[in-house]
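Text of query.txt (compact mmCIF, C-alpha atoms) as supplied:
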```
# COMPACT_ATOMS: atom_id res chain seq x y z
CA MET A 30 -16.15 16.47 -2.13
CA THR A 31 -16.62 17.66 1.42
CA ALA A 32 -13.73 18.74 3.58
CA ASP A 33 -14.09 15.42 5.42
CA ASP A 34 -13.79 13.51 2.15
CA VAL A 35 -10.61 15.36 1.22
CA ASP A 36 -9.18 14.78 4.68
CA LEU A 37 -10.04 11.08 4.56
CA ARG A 38 -8.54 10.69 1.12
CA GLN A 39 -5.31 12.36 2.24
CA GLN A 40 -5.14 10.10 5.25
CA ILE A 41 -5.78 7.01 3.13
CA THR A 42 -3.00 8.09 0.77
CA LEU A 43 -0.63 8.56 3.70
CA VAL A 44 -1.49 5.15 5.15
CA GLU A 45 -1.00 3.54 1.73
CA LEU A 46 2.37 5.30 1.38
CA ILE A 47 3.58 4.27 4.82
CA ASP A 48 2.42 0.68 4.33
CA ARG A 49 4.42 0.42 1.11
CA VAL A 50 7.57 2.16 2.32
CA LEU A 51 7.76 0.31 5.64
CA HIS A 52 6.57 -3.16 4.61
CA LYS A 53 7.25 -3.63 0.90
CA GLY A 54 10.19 -3.09 -1.42
CA VAL A 55 13.53 -4.83 -1.65
CA THR A 56 15.00 -5.81 1.71
CA LEU A 57 18.64 -6.58 2.18
CA THR A 58 20.47 -8.01 5.11
CA GLY A 59 24.08 -8.93 5.46
CA ASP A 60 27.49 -7.55 6.20
CA ILE A 61 27.21 -4.71 3.77
CA THR A 62 24.23 -3.05 5.40
CA LEU A 63 24.44 -1.49 8.84
CA SER A 64 20.90 -2.25 9.75
CA VAL A 65 17.42 -2.47 8.45
CA ALA A 66 15.48 -0.16 10.69
CA ASP A 67 13.13 -2.09 12.89
CA VAL A 68 9.85 -0.96 11.46
CA ASP A 69 7.86 -2.99 13.92
CA LEU A 70 8.74 -0.48 16.61
CA VAL A 71 5.63 0.98 18.11
CA TYR A 72 5.33 4.56 17.04
CA LEU A 73 2.25 5.46 18.96
CA GLY A 74 1.36 8.45 16.84
CA LEU A 75 1.45 6.31 13.72
CA ARG A 76 -0.71 3.58 15.30
CA LEU A 77 -3.33 6.14 16.21
CA LEU A 78 -3.32 7.46 12.67
CA LEU A 79 -3.83 3.98 11.23
CA THR A 80 -6.59 3.20 13.72
CA SER A 81 -8.43 6.44 13.10
CA VAL A 82 -8.40 5.96 9.34
CA ALA A 83 -9.81 2.45 9.71
CA THR A 84 -12.58 3.81 11.96
CA LEU A 85 -13.33 6.66 9.56
CA GLU A 86 -13.60 4.24 6.65
CA GLU A 87 -15.98 1.98 8.51
CA ALA A 88 -18.16 4.88 9.53
CA ARG A 89 -18.30 6.00 5.94
CA ALA A 90 -19.22 2.59 4.51
CA MET B 9 29.39 11.64 16.56
CA SER B 10 29.82 8.76 14.13
CA ASP B 11 30.29 9.16 10.39
CA PRO B 12 27.11 9.40 8.44
CA GLY B 13 25.79 6.24 6.83
CA ARG B 14 24.63 5.90 3.22
CA TYR B 15 20.90 5.48 3.08
CA VAL B 16 19.72 3.56 -0.01
CA TYR B 17 16.29 4.36 -1.43
CA GLY B 18 16.36 2.10 -4.45
CA VAL B 19 18.08 1.18 -7.68
CA VAL B 20 17.80 2.49 -11.23
CA ALA B 21 19.60 1.66 -14.45
CA ALA B 22 22.79 3.67 -14.80
CA SER B 23 22.81 5.98 -17.77
CA GLY B 24 24.43 9.21 -18.90
CA ASP B 25 21.34 11.17 -17.89
CA THR B 26 20.66 9.82 -14.42
CA PRO B 27 19.28 12.90 -12.73
CA THR B 28 20.38 14.26 -9.42
CA PRO B 29 17.21 15.65 -7.96
CA HIS B 30 17.17 18.69 -5.74
CA GLU B 31 15.02 16.77 -3.33
CA CYS B 32 16.38 16.76 0.18
CA GLY B 33 17.14 13.33 1.51
CA ILE B 34 16.03 11.44 4.55
CA ASP B 35 18.46 13.63 6.50
CA PRO B 36 17.83 17.28 5.62
CA ALA B 37 21.55 18.03 5.96
CA PHE B 38 22.40 15.96 2.88
CA GLY B 39 21.19 15.82 -0.70
CA VAL B 40 20.52 12.83 -2.91
CA GLU B 41 23.48 11.19 -4.68
CA VAL B 42 23.48 8.54 -7.35
CA LEU B 43 26.26 5.95 -7.04
CA ARG B 44 26.94 3.94 -10.17
CA ARG B 45 28.46 0.55 -10.59
CA GLY B 46 28.30 -1.09 -14.00
CA ALA B 47 24.80 -0.94 -15.42
CA LEU B 48 23.15 -0.18 -12.10
CA ALA B 49 22.94 2.91 -9.94
CA ALA B 50 21.91 3.24 -6.32
CA ILE B 51 19.83 6.21 -5.19
CA THR B 52 21.42 7.26 -1.93
CA SER B 53 22.00 10.05 0.50
CA ARG B 54 24.13 10.42 3.56
CA VAL B 55 22.30 10.11 6.82
CA ARG B 56 23.35 10.87 10.36
CA LEU B 57 22.41 7.66 12.13
CA GLU B 58 20.73 9.42 15.00
CA GLN B 59 18.16 10.71 12.48
CA LEU B 60 16.90 7.13 12.21
CA SER B 61 16.90 6.53 15.93
CA PRO B 62 13.70 5.03 17.33
CA ASP B 63 13.96 7.51 20.19
CA ALA B 64 12.92 10.27 17.82
CA ASN B 65 9.42 11.57 18.41
CA ASP B 66 6.15 9.93 17.33
CA GLY B 67 5.07 10.69 13.80
CA ARG B 68 8.73 10.95 12.85
CA LEU B 69 8.59 7.59 11.11
CA ALA B 70 5.73 8.83 8.97
CA GLU B 71 7.74 11.89 8.02
CA LEU B 72 10.79 9.80 7.12
CA ALA B 73 8.67 7.40 5.08
CA VAL B 74 7.23 10.31 3.11
CA ARG B 75 10.71 11.61 2.36
CA HIS B 76 11.80 8.16 1.21
CA GLU B 77 8.82 8.03 -1.13
CA HIS B 78 9.37 11.56 -2.48
CA VAL B 79 12.97 10.80 -3.41
CA LEU B 80 11.85 7.75 -5.40
CA GLU B 81 9.06 9.72 -7.07
CA SER B 82 11.51 12.37 -8.27
CA PHE B 83 13.23 9.66 -10.33
CA LEU B 84 9.93 8.38 -11.70
CA VAL B 85 9.02 11.91 -12.70
CA ALA B 86 12.35 12.09 -14.58
CA GLY B 87 11.18 9.08 -16.61
CA LEU B 88 13.30 6.36 -15.02
CA SER B 89 12.13 2.95 -13.85
CA VAL B 90 12.83 2.48 -10.18
CA LEU B 91 13.31 -0.62 -8.05
CA PRO B 92 12.25 0.62 -4.61
CA PHE B 93 14.02 -0.51 -1.45
CA ARG B 94 12.19 -0.86 1.78
CA PHE B 95 12.71 1.83 4.38
CA GLY B 96 15.87 1.65 6.42
CA THR B 97 18.68 0.22 4.27
CA VAL B 98 21.90 1.89 5.34
CA CYS B 99 25.46 1.13 4.28
CA ALA B 100 28.60 2.36 6.02
CA SER B 101 30.22 4.00 3.00
CA ASP B 102 29.94 4.75 -0.71
CA GLY B 103 32.24 1.79 -1.30
CA ASP B 104 29.85 -0.51 0.50
CA VAL B 105 27.00 0.73 -1.65
CA THR B 106 28.84 0.00 -4.89
CA THR B 107 29.96 -3.36 -3.51
CA LEU B 108 26.32 -4.13 -2.84
CA LEU B 109 25.48 -3.31 -6.46
CA GLU B 110 28.28 -5.59 -7.59
CA THR B 111 27.57 -8.59 -5.39
CA ARG B 112 23.81 -8.49 -6.04
CA GLU B 113 24.11 -7.40 -9.65
CA SER B 114 22.26 -10.33 -11.17
CA ALA B 115 19.33 -10.29 -8.75
CA LEU B 116 18.99 -6.49 -8.85
CA THR B 117 19.10 -6.48 -12.64
CA SER B 118 16.34 -9.10 -12.85
CA ALA B 119 14.22 -7.35 -10.26
CA LEU B 120 14.59 -4.01 -12.03
CA ALA B 121 13.72 -5.59 -15.39
CA ALA B 122 10.53 -7.01 -13.86
CA VAL B 123 9.28 -3.48 -13.11
CA GLU B 124 10.75 -1.72 -16.14
CA GLY B 125 8.32 0.93 -17.39
CA LYS B 126 5.75 -0.07 -14.78
CA LEU B 127 4.11 1.51 -11.77
CA GLU B 128 1.81 0.26 -9.07
CA VAL B 129 -1.79 1.19 -8.38
CA GLY B 130 -3.67 0.36 -5.18
CA VAL B 131 -7.38 -0.46 -5.18
CA ARG B 132 -9.26 -0.07 -1.90
CA CYS B 133 -12.68 -1.57 -1.98
CA SER B 134 -15.72 -1.02 0.21
CA VAL B 135 -19.37 -1.88 0.08
CA ASP B 136 -22.43 0.05 1.16
CA ARG B 137 -23.61 -2.47 3.73
CA GLU B 138 -27.01 -0.92 4.18
CA GLN B 139 -27.67 -1.06 0.46
CA LEU B 140 -26.41 -4.64 0.30
CA ARG B 141 -28.69 -5.56 3.21
CA GLN B 142 -31.66 -4.18 1.30
CA THR B 143 -30.70 -5.98 -1.90
CA ILE B 144 -30.32 -9.30 -0.12
CA LEU B 145 -33.62 -8.87 1.72
CA GLU B 146 -35.34 -8.28 -1.60
CA GLU B 147 -33.71 -11.19 -3.37
CA ASP B 148 -33.37 -13.89 -0.74
CA ASP B 149 -36.67 -15.76 -0.44
CA ASP B 150 -35.68 -17.62 2.70
CA LEU B 151 -34.75 -14.44 4.57
CA ARG B 152 -37.88 -12.69 3.36
CA GLU B 153 -40.05 -15.49 4.73
CA ARG B 154 -38.30 -15.40 8.08
CA HIS B 155 -38.78 -11.66 8.22
CA ALA B 156 -42.49 -12.14 7.50
CA GLU B 157 -42.76 -14.65 10.37
CA PHE B 158 -42.11 -12.00 13.04
CA ALA B 159 -45.51 -10.47 12.36
CA THR B 160 -47.24 -13.66 13.45
CA LEU B 161 -45.36 -14.13 16.73
CA GLY B 162 -45.75 -12.73 20.23
CA PRO B 163 -43.08 -10.33 21.62
CA GLY B 164 -40.73 -12.86 23.35
CA ALA B 165 -40.53 -15.35 20.48
CA ALA B 166 -40.26 -12.54 17.94
CA HIS B 167 -37.26 -11.08 19.77
CA LEU B 168 -35.27 -14.30 19.58
CA ARG B 169 -36.25 -14.91 15.98
CA ARG B 170 -35.24 -11.38 15.12
CA LYS B 171 -31.80 -11.87 16.67
CA GLN B 172 -31.32 -15.08 14.74
CA PHE B 173 -32.54 -13.38 11.59
CA GLU B 174 -30.18 -10.45 12.02
CA ARG B 175 -27.25 -12.84 12.47
CA LEU B 176 -28.18 -14.74 9.33
CA LEU B 177 -28.57 -11.53 7.38
CA ALA B 178 -25.27 -10.10 8.61
CA ASP B 179 -23.56 -13.33 7.63
CA ARG B 180 -25.11 -13.22 4.17
CA VAL B 181 -24.04 -9.59 3.75
CA SER B 182 -20.43 -10.39 4.72
CA ARG B 183 -20.24 -13.36 2.42
CA GLU B 184 -21.74 -11.44 -0.47
CA ALA B 185 -19.35 -8.52 0.11
CA SER B 186 -16.39 -10.95 0.06
CA ARG B 187 -17.67 -12.66 -3.06
CA ARG B 188 -17.99 -9.35 -4.89
CA THR B 189 -14.55 -8.15 -3.75
CA ALA B 190 -12.99 -11.41 -4.92
CA ALA B 191 -14.76 -11.05 -8.27
CA LEU B 192 -13.36 -7.55 -8.63
CA GLN B 193 -9.84 -8.76 -7.82
CA VAL B 194 -10.06 -11.51 -10.43
CA GLU B 195 -11.33 -9.08 -13.05
CA LEU B 196 -8.65 -6.46 -12.37
CA ALA B 197 -5.81 -9.00 -12.24
CA ARG B 198 -6.64 -9.97 -15.82
CA HIS B 199 -5.75 -6.45 -16.94
CA ALA B 200 -2.52 -5.97 -15.03
CA ALA B 201 1.01 -7.23 -15.58
CA ALA B 202 0.90 -8.60 -12.03
CA ALA B 203 -1.33 -8.47 -8.96
CA ARG B 204 -0.58 -8.77 -5.24
CA GLU B 205 -3.56 -8.51 -2.94
CA MET B 206 -5.11 -5.23 -4.02
CA SER B 207 -2.00 -3.79 -5.70
CA TYR B 208 -1.63 -3.95 -9.46
CA LEU B 209 1.50 -3.56 -11.60
CA LEU B 210 0.86 -1.71 -14.84
CA PRO B 211 2.80 -0.20 -17.71
CA SER B 212 2.62 3.58 -17.21
CA ALA B 213 0.61 4.13 -20.37
CA GLU B 214 -2.10 1.72 -19.17
CA ILE B 215 -2.76 3.31 -15.80
CA ASP B 216 -5.55 5.69 -16.80
CA GLY B 217 -7.39 2.93 -18.66
CA PHE B 218 -7.03 0.61 -15.69
CA VAL B 219 -8.43 3.17 -13.28
CA GLU B 220 -11.49 3.65 -15.50
CA ARG B 221 -11.92 -0.10 -15.76
CA ALA B 222 -11.66 -0.45 -11.98
CA GLN B 223 -14.36 2.18 -11.43
CA ALA B 224 -16.64 0.56 -14.00
CA ALA B 225 -16.12 -2.98 -12.72
CA ALA B 226 -16.70 -1.84 -9.13
CA GLN B 227 -19.91 -0.08 -10.11
CA GLU B 228 -21.19 -3.20 -11.84
CA LEU B 229 -20.51 -5.19 -8.69
CA GLY B 230 -22.12 -2.63 -6.41
CA LEU B 231 -18.77 -1.79 -4.80
CA ARG B 232 -17.03 1.47 -4.13
CA VAL B 233 -13.35 1.78 -4.96
CA GLU B 234 -10.71 4.27 -3.99
CA VAL B 235 -7.74 4.00 -6.35
CA THR B 236 -4.42 5.15 -4.92
CA GLY B 237 -1.12 5.83 -6.67
CA PRO B 238 0.51 5.48 -9.02
CA TRP B 239 3.27 4.33 -6.71
CA PRO B 240 6.82 3.18 -7.25
CA PRO B 241 6.38 -0.61 -7.58
CA PHE B 242 7.02 -1.51 -3.94
CA SER B 243 4.73 -4.54 -3.87
CA PHE B 244 6.50 -6.09 -6.83
CA ALA B 245 10.07 -5.35 -5.79
CA GLU B 246 11.79 -8.52 -4.66
CA LEU B 247 15.15 -10.14 -5.05
CA GLU B 248 15.47 -13.81 -5.85
CA THR B 249 16.91 -15.46 -2.76
CA ASP B 250 19.48 -17.59 -4.49
CA ASP B 251 21.57 -14.76 -5.90
CA GLY B 252 25.36 -14.55 -5.78
```
Would you write the structure of this file as C-alpha cells?
Amino acid sequence: MTADDVDLRQQITLVELIDRVLHKGVTLTGDITLSVADVDLVYLGLRLLLTSVATLEEARA
Amino acid sequence: MSDPGRYVYGVVAASGDTPTPHECGIDPAFGVEVLRRGALAAITSRVRLEQLSPDANDGRLAELAVRHEHVLESFLVAGLSVLPFRFGTVCASDGDVTTLLETRESALTSALAAVEGKLEVGVRCSVDREQLRQTILEEDDDLRERHAEFATLGPGAAHLRRKQFERLLADRVSREASRRTAALQVELARHAAAAREMSYLLPSAEIDGFVERAQAAAQELGLRVEVTGPWPPFSFAELETDDG
C-alpha cells in the first residue's frame, strides 16, 4: 500500500467511527438524562474531514 | 463550576468479573466506572459538562467520539458483549444512572440479548467506473452501434450525438453499478445475523469468514470493497419504544 492508501484507509476508519458514535447506538431522552449532545452542531473541522474523504474516494474510484 | 455529570457509554451484563479498564474516559480527569443494577451494568465516567460544550474547538467532537469508541472497545477486548449508547448521554448522578438501568431494564435486557456475542462489520463498496464503461461498451450492442455511427457523421452532428451517447453510457454505468452493489448487499445479508444498509451483525467467530466472503463476492461482481471494523454493534443497538 502507498502512503496515500494508508492515509485514506485511516481517514475512512475515522469517518466510519464518527458516523457510528454520533448517529447510531441507543438514544435515551427523558428526565433522567441531562441532555443528549446536539450532534447536528456544525463542527467545521469535522465537515471538512468528511468532505475530503468523500473527494479522495471518488478520485480513487 | 457545576458537579460533574455521569457520561454513559453503553450497557453490559453485570457479572463478578466486569472489568474496570484503565482507559481514560471522555473527560481525561476521570476514569471509567461500572455501575451495576440487577443483571445490568452501565459503563460510565464522570464528565465536567464544559468538556462537552459545543464552544470547544473544531475537531474536538472527533476526539471525543474516538474516546467514546475506545472505552467500548476495551470491554469488547475483555470478552464482554456491549450494547453501545450513542454519543452524549449524561446523567446527573450515579443514582440516576442506576435508576435508568432499573426503569429501562426490560428494553435494555432485550437489546443487549440481540447483540450478545456479536459485532458489527462495515462494507464500503466502490466500482472502477472506467473499467465498467469499457465492459458495457463491449457488451451493449446498442451503445456499440451508436458509437460506430460517429464515424459516418460530419463534425457538428457527431458532437451532439457524442454528447447524447456519453449521457446514455454514464446512465448505464450508474445503473449497473447500483445493480451490482444491491446484489452484493443481498448476498452478504444472507450470511449475517442482521443487516442495516452496509453494516452487518455477526457472531465474533464468523467475522473472518464473512470478510473473505465479502472480498470474494465483490470480486465476482467487479466491485471493490473496503471492510471496516469490527465495531461495537452501534447500528443494531435500539430500544423498543414501548418499554416501561
Find the spatial neighbours of Val90 of chain B, counting only C-alpha atoms, within a cut-off of 10 Å - ignore same-chain residues fewer than 5 positions away - and output them as a ChimeraX atom specification. /B:17-21,50-51,80-81,83-84,119-121,123-127,240-242,245
Interface residues on chain B facing chain A, 7 Å, only C-alpha atoms, written as a PDB file with C-alpha atoms, in the coordinates of the input:
```pdb
ATOM      1  CA  ASP B  66       6.150   9.930  17.330  1.00  0.00           C
ATOM      2  CA  GLY B  67       5.070  10.690  13.800  1.00  0.00           C
ATOM      3  CA  ALA B  70       5.730   8.830   8.970  1.00  0.00           C
ATOM      4  CA  ALA B  73       8.670   7.400   5.080  1.00  0.00           C
ATOM      5  CA  GLU B  77       8.820   8.030  -1.130  1.00  0.00           C
ATOM      6  CA  PRO B  92      12.250   0.620  -4.610  1.00  0.00           C
ATOM      7  CA  PHE B  93      14.020  -0.510  -1.450  1.00  0.00           C
ATOM      8  CA  ARG B  94      12.190  -0.860   1.780  1.00  0.00           C
ATOM      9  CA  PHE B  95      12.710   1.830   4.380  1.00  0.00           C
ATOM     10  CA  GLY B  96      15.870   1.650   6.420  1.00  0.00           C
ATOM     11  CA  THR B  97      18.680   0.220   4.270  1.00  0.00           C
ATOM     12  CA  VAL B  98      21.900   1.890   5.340  1.00  0.00           C
ATOM     13  CA  CYS B  99      25.460   1.130   4.280  1.00  0.00           C
ATOM     14  CA  ALA B 100      28.600   2.360   6.020  1.00  0.00           C
ATOM     15  CA  ASP B 104      29.850  -0.510   0.500  1.00  0.00           C
ATOM     16  CA  LEU B 108      26.320  -4.130  -2.840  1.00  0.00           C
ATOM     17  CA  SER B 134     -15.720  -1.020   0.210  1.00  0.00           C
ATOM     18  CA  VAL B 135     -19.370  -1.880   0.080  1.00  0.00           C
ATOM     19  CA  ASP B 136     -22.430   0.050   1.160  1.00  0.00           C
ATOM     20  CA  ARG B 137     -23.610  -2.470   3.730  1.00  0.00           C
ATOM     21  CA  THR B 236      -4.420   5.150  -4.920  1.00  0.00           C
ATOM     22  CA  PHE B 242       7.020  -1.510  -3.940  1.00  0.00           C
ATOM     23  CA  SER B 243       4.730  -4.540  -3.870  1.00  0.00           C
ATOM     24  CA  ALA B 245      10.070  -5.350  -5.790  1.00  0.00           C
ATOM     25  CA  GLU B 246      11.790  -8.520  -4.660  1.00  0.00           C
ATOM     26  CA  LEU B 247      15.150 -10.140  -5.050  1.00  0.00           C
TER      27      LEU B 247
END
```
For Val219 of chain B: contacts at 12 Å, all atoms listed in the file, fewer than 6 positions along chain excluded, given as a list in words: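 My reading of the contact set: Glu128, Val129, Gly130, Val131, Arg132, Leu196, His199, Ala200, Tyr208, Leu210, Ser212, Ala213, Ala225, Ala226, Val233, Glu234, Val235, Thr236, Gly237 and Pro238 of chain B.
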Store the residues picked out above, limited to C-alpha atoms, as an mmCIF file, keeping the file's coordinate frame.
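Generated output (again_15.cif):
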```
data_model
loop_
_atom_site.group_PDB
_atom_site.id
_atom_site.type_symbol
_atom_site.label_atom_id
_atom_site.label_comp_id
_atom_site.auth_asym_id
_atom_site.auth_seq_id
_atom_site.Cartn_x
_atom_site.Cartn_y
_atom_site.Cartn_z
ATOM 1 C CA GLU B 128 1.810 0.260 -9.070
ATOM 2 C CA VAL B 129 -1.790 1.190 -8.380
ATOM 3 C CA GLY B 130 -3.670 0.360 -5.180
ATOM 4 C CA VAL B 131 -7.380 -0.460 -5.180
ATOM 5 C CA ARG B 132 -9.260 -0.070 -1.900
ATOM 6 C CA LEU B 196 -8.650 -6.460 -12.370
ATOM 7 C CA HIS B 199 -5.750 -6.450 -16.940
ATOM 8 C CA ALA B 200 -2.520 -5.970 -15.030
ATOM 9 C CA TYR B 208 -1.630 -3.950 -9.460
ATOM 10 C CA LEU B 210 0.860 -1.710 -14.840
ATOM 11 C CA SER B 212 2.620 3.580 -17.210
ATOM 12 C CA ALA B 213 0.610 4.130 -20.370
ATOM 13 C CA ALA B 225 -16.120 -2.980 -12.720
ATOM 14 C CA ALA B 226 -16.700 -1.840 -9.130
ATOM 15 C CA VAL B 233 -13.350 1.780 -4.960
ATOM 16 C CA GLU B 234 -10.710 4.270 -3.990
ATOM 17 C CA VAL B 235 -7.740 4.000 -6.350
ATOM 18 C CA THR B 236 -4.420 5.150 -4.920
ATOM 19 C CA GLY B 237 -1.120 5.830 -6.670
ATOM 20 C CA PRO B 238 0.510 5.480 -9.020
#
```
For the atom pair atom CA of Phe38 of chain B and atom CA of Leu116 of chain B, what is the interatomic distance in Å to one decimal place? 25.6 Å
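Using only C-alpha atoms, the nearest neighbour of Arg152 of chain B within the list B:Leu168, B:Glu228, B:Leu177, B:Cys133 is B:Leu177.
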Suppose you want the space between atom CA of His155 of chain B and atom CA of Ala178 of chain B; what is it in Å? 13.6 Å
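Between atom CA of Val16 of chain B and atom CA of Ser53 of chain B lies a distance of 6.9 Å.
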Looking at B:Gly13, B:Gly46, B:Gly217, B:Gly39, which one is nearest to Asp102 of chain B, with distances taken over all atoms listed in the file? B:Gly13
Export segment 132-162 of chain B of the preceding structure, keeping N, CA and C atoms, as an mmCIF file, in the first residue's frame.
```
data_model
loop_
_atom_site.group_PDB
_atom_site.id
_atom_site.type_symbol
_atom_site.label_atom_id
_atom_site.label_comp_id
_atom_site.auth_asym_id
_atom_site.auth_seq_id
_atom_site.Cartn_x
_atom_site.Cartn_y
_atom_site.Cartn_z
ATOM 1 N N ARG B 132 -17.785 -1.042 2.663
ATOM 2 C CA ARG B 132 -17.841 0.111 1.757
ATOM 3 C C ARG B 132 -17.492 -0.375 0.356
ATOM 4 N N CYS B 133 -18.303 0.000 -0.571
ATOM 5 C CA CYS B 133 -18.265 -0.597 -1.884
ATOM 6 C C CYS B 133 -17.967 0.477 -2.927
ATOM 7 N N SER B 134 -17.089 0.179 -3.866
ATOM 8 C CA SER B 134 -16.900 1.127 -4.966
ATOM 9 C C SER B 134 -16.659 0.356 -6.251
ATOM 10 N N VAL B 135 -16.836 1.040 -7.355
ATOM 11 C CA VAL B 135 -16.659 0.379 -8.637
ATOM 12 C C VAL B 135 -15.634 1.164 -9.446
ATOM 13 N N ASP B 136 -14.859 0.446 -10.229
ATOM 14 C CA ASP B 136 -13.936 1.105 -11.149
ATOM 15 C C ASP B 136 -14.769 1.540 -12.351
ATOM 16 N N ARG B 137 -15.129 2.815 -12.388
ATOM 17 C CA ARG B 137 -16.065 3.283 -13.413
ATOM 18 C C ARG B 137 -15.503 3.171 -14.821
ATOM 19 N N GLU B 138 -14.213 3.385 -14.931
ATOM 20 C CA GLU B 138 -13.595 3.311 -16.260
ATOM 21 C C GLU B 138 -13.675 1.882 -16.794
ATOM 22 N N GLN B 139 -13.392 0.947 -15.917
ATOM 23 C CA GLN B 139 -13.452 -0.468 -16.298
ATOM 24 C C GLN B 139 -14.887 -0.874 -16.636
ATOM 25 N N LEU B 140 -15.825 -0.361 -15.867
ATOM 26 C CA LEU B 140 -17.236 -0.686 -16.102
ATOM 27 C C LEU B 140 -17.701 -0.096 -17.423
ATOM 28 N N ARG B 141 -17.249 1.107 -17.713
ATOM 29 C CA ARG B 141 -17.522 1.759 -19.005
ATOM 30 C C ARG B 141 -17.080 0.855 -20.152
ATOM 31 N N GLN B 142 -15.859 0.378 -20.048
ATOM 32 C CA GLN B 142 -15.289 -0.479 -21.091
ATOM 33 C C GLN B 142 -16.111 -1.743 -21.260
ATOM 34 N N THR B 143 -16.435 -2.370 -20.134
ATOM 35 C CA THR B 143 -17.217 -3.609 -20.157
ATOM 36 C C THR B 143 -18.561 -3.383 -20.840
ATOM 37 N N ILE B 144 -19.228 -2.325 -20.476
ATOM 38 C CA ILE B 144 -20.543 -2.034 -21.045
ATOM 39 C C ILE B 144 -20.433 -1.748 -22.541
ATOM 40 N N LEU B 145 -19.415 -0.993 -22.927
ATOM 41 C CA LEU B 145 -19.209 -0.703 -24.348
ATOM 42 C C LEU B 145 -19.025 -1.983 -25.150
ATOM 43 N N GLU B 146 -18.297 -2.935 -24.545
ATOM 44 C CA GLU B 146 -18.060 -4.199 -25.241
ATOM 45 C C GLU B 146 -19.333 -5.025 -25.350
ATOM 46 N N GLU B 147 -20.164 -4.960 -24.314
ATOM 47 C CA GLU B 147 -21.281 -5.900 -24.240
ATOM 48 C C GLU B 147 -22.622 -5.352 -24.710
ATOM 49 N N ASP B 148 -22.725 -4.024 -24.762
ATOM 50 C CA ASP B 148 -24.019 -3.447 -25.125
ATOM 51 C C ASP B 148 -24.045 -3.139 -26.618
ATOM 52 N N ASP B 149 -24.811 -3.938 -27.367
ATOM 53 C CA ASP B 149 -24.847 -3.792 -28.825
ATOM 54 C C ASP B 149 -25.354 -2.423 -29.248
ATOM 55 N N ASP B 150 -26.384 -1.969 -28.582
ATOM 56 C CA ASP B 150 -26.986 -0.679 -28.948
ATOM 57 C C ASP B 150 -25.961 0.447 -28.829
ATOM 58 N N LEU B 151 -25.252 0.470 -27.701
ATOM 59 C CA LEU B 151 -24.272 1.537 -27.475
ATOM 60 C C LEU B 151 -23.120 1.421 -28.470
ATOM 61 N N ARG B 152 -22.745 0.185 -28.782
ATOM 62 C CA ARG B 152 -21.654 -0.015 -29.734
ATOM 63 C C ARG B 152 -22.015 0.533 -31.105
ATOM 64 N N GLU B 153 -23.256 0.296 -31.512
ATOM 65 C CA GLU B 153 -23.724 0.801 -32.810
ATOM 66 C C GLU B 153 -23.723 2.316 -32.841
ATOM 67 N N ARG B 154 -24.211 2.915 -31.758
ATOM 68 C CA ARG B 154 -24.229 4.380 -31.695
ATOM 69 C C ARG B 154 -22.816 4.930 -31.795
ATOM 70 N N HIS B 155 -21.921 4.296 -31.095
ATOM 71 C CA HIS B 155 -20.518 4.709 -31.108
ATOM 72 C C HIS B 155 -19.967 4.649 -32.534
ATOM 73 N N ALA B 156 -20.334 3.577 -33.246
ATOM 74 C CA ALA B 156 -19.871 3.395 -34.622
ATOM 75 C C ALA B 156 -20.429 4.465 -35.559
ATOM 76 N N GLU B 157 -21.617 4.985 -35.225
ATOM 77 C CA GLU B 157 -22.256 5.999 -36.072
ATOM 78 C C GLU B 157 -21.444 7.278 -36.194
ATOM 79 N N PHE B 158 -20.718 7.647 -35.138
ATOM 80 C CA PHE B 158 -19.975 8.917 -35.157
ATOM 81 C C PHE B 158 -19.088 9.006 -36.376
ATOM 82 N N ALA B 159 -18.475 7.869 -36.709
ATOM 83 C CA ALA B 159 -17.503 7.839 -37.810
ATOM 84 C C ALA B 159 -18.119 8.287 -39.130
ATOM 85 N N THR B 160 -19.439 8.108 -39.254
ATOM 86 C CA THR B 160 -20.076 8.420 -40.537
ATOM 87 C C THR B 160 -20.642 9.844 -40.596
ATOM 88 N N LEU B 161 -20.506 10.581 -39.501
ATOM 89 C CA LEU B 161 -21.144 11.902 -39.452
ATOM 90 C C LEU B 161 -20.127 13.040 -39.528
ATOM 91 N N GLY B 162 -20.599 14.184 -39.994
ATOM 92 C CA GLY B 162 -19.770 15.391 -40.006
ATOM 93 C C GLY B 162 -19.613 15.945 -38.587
#
```
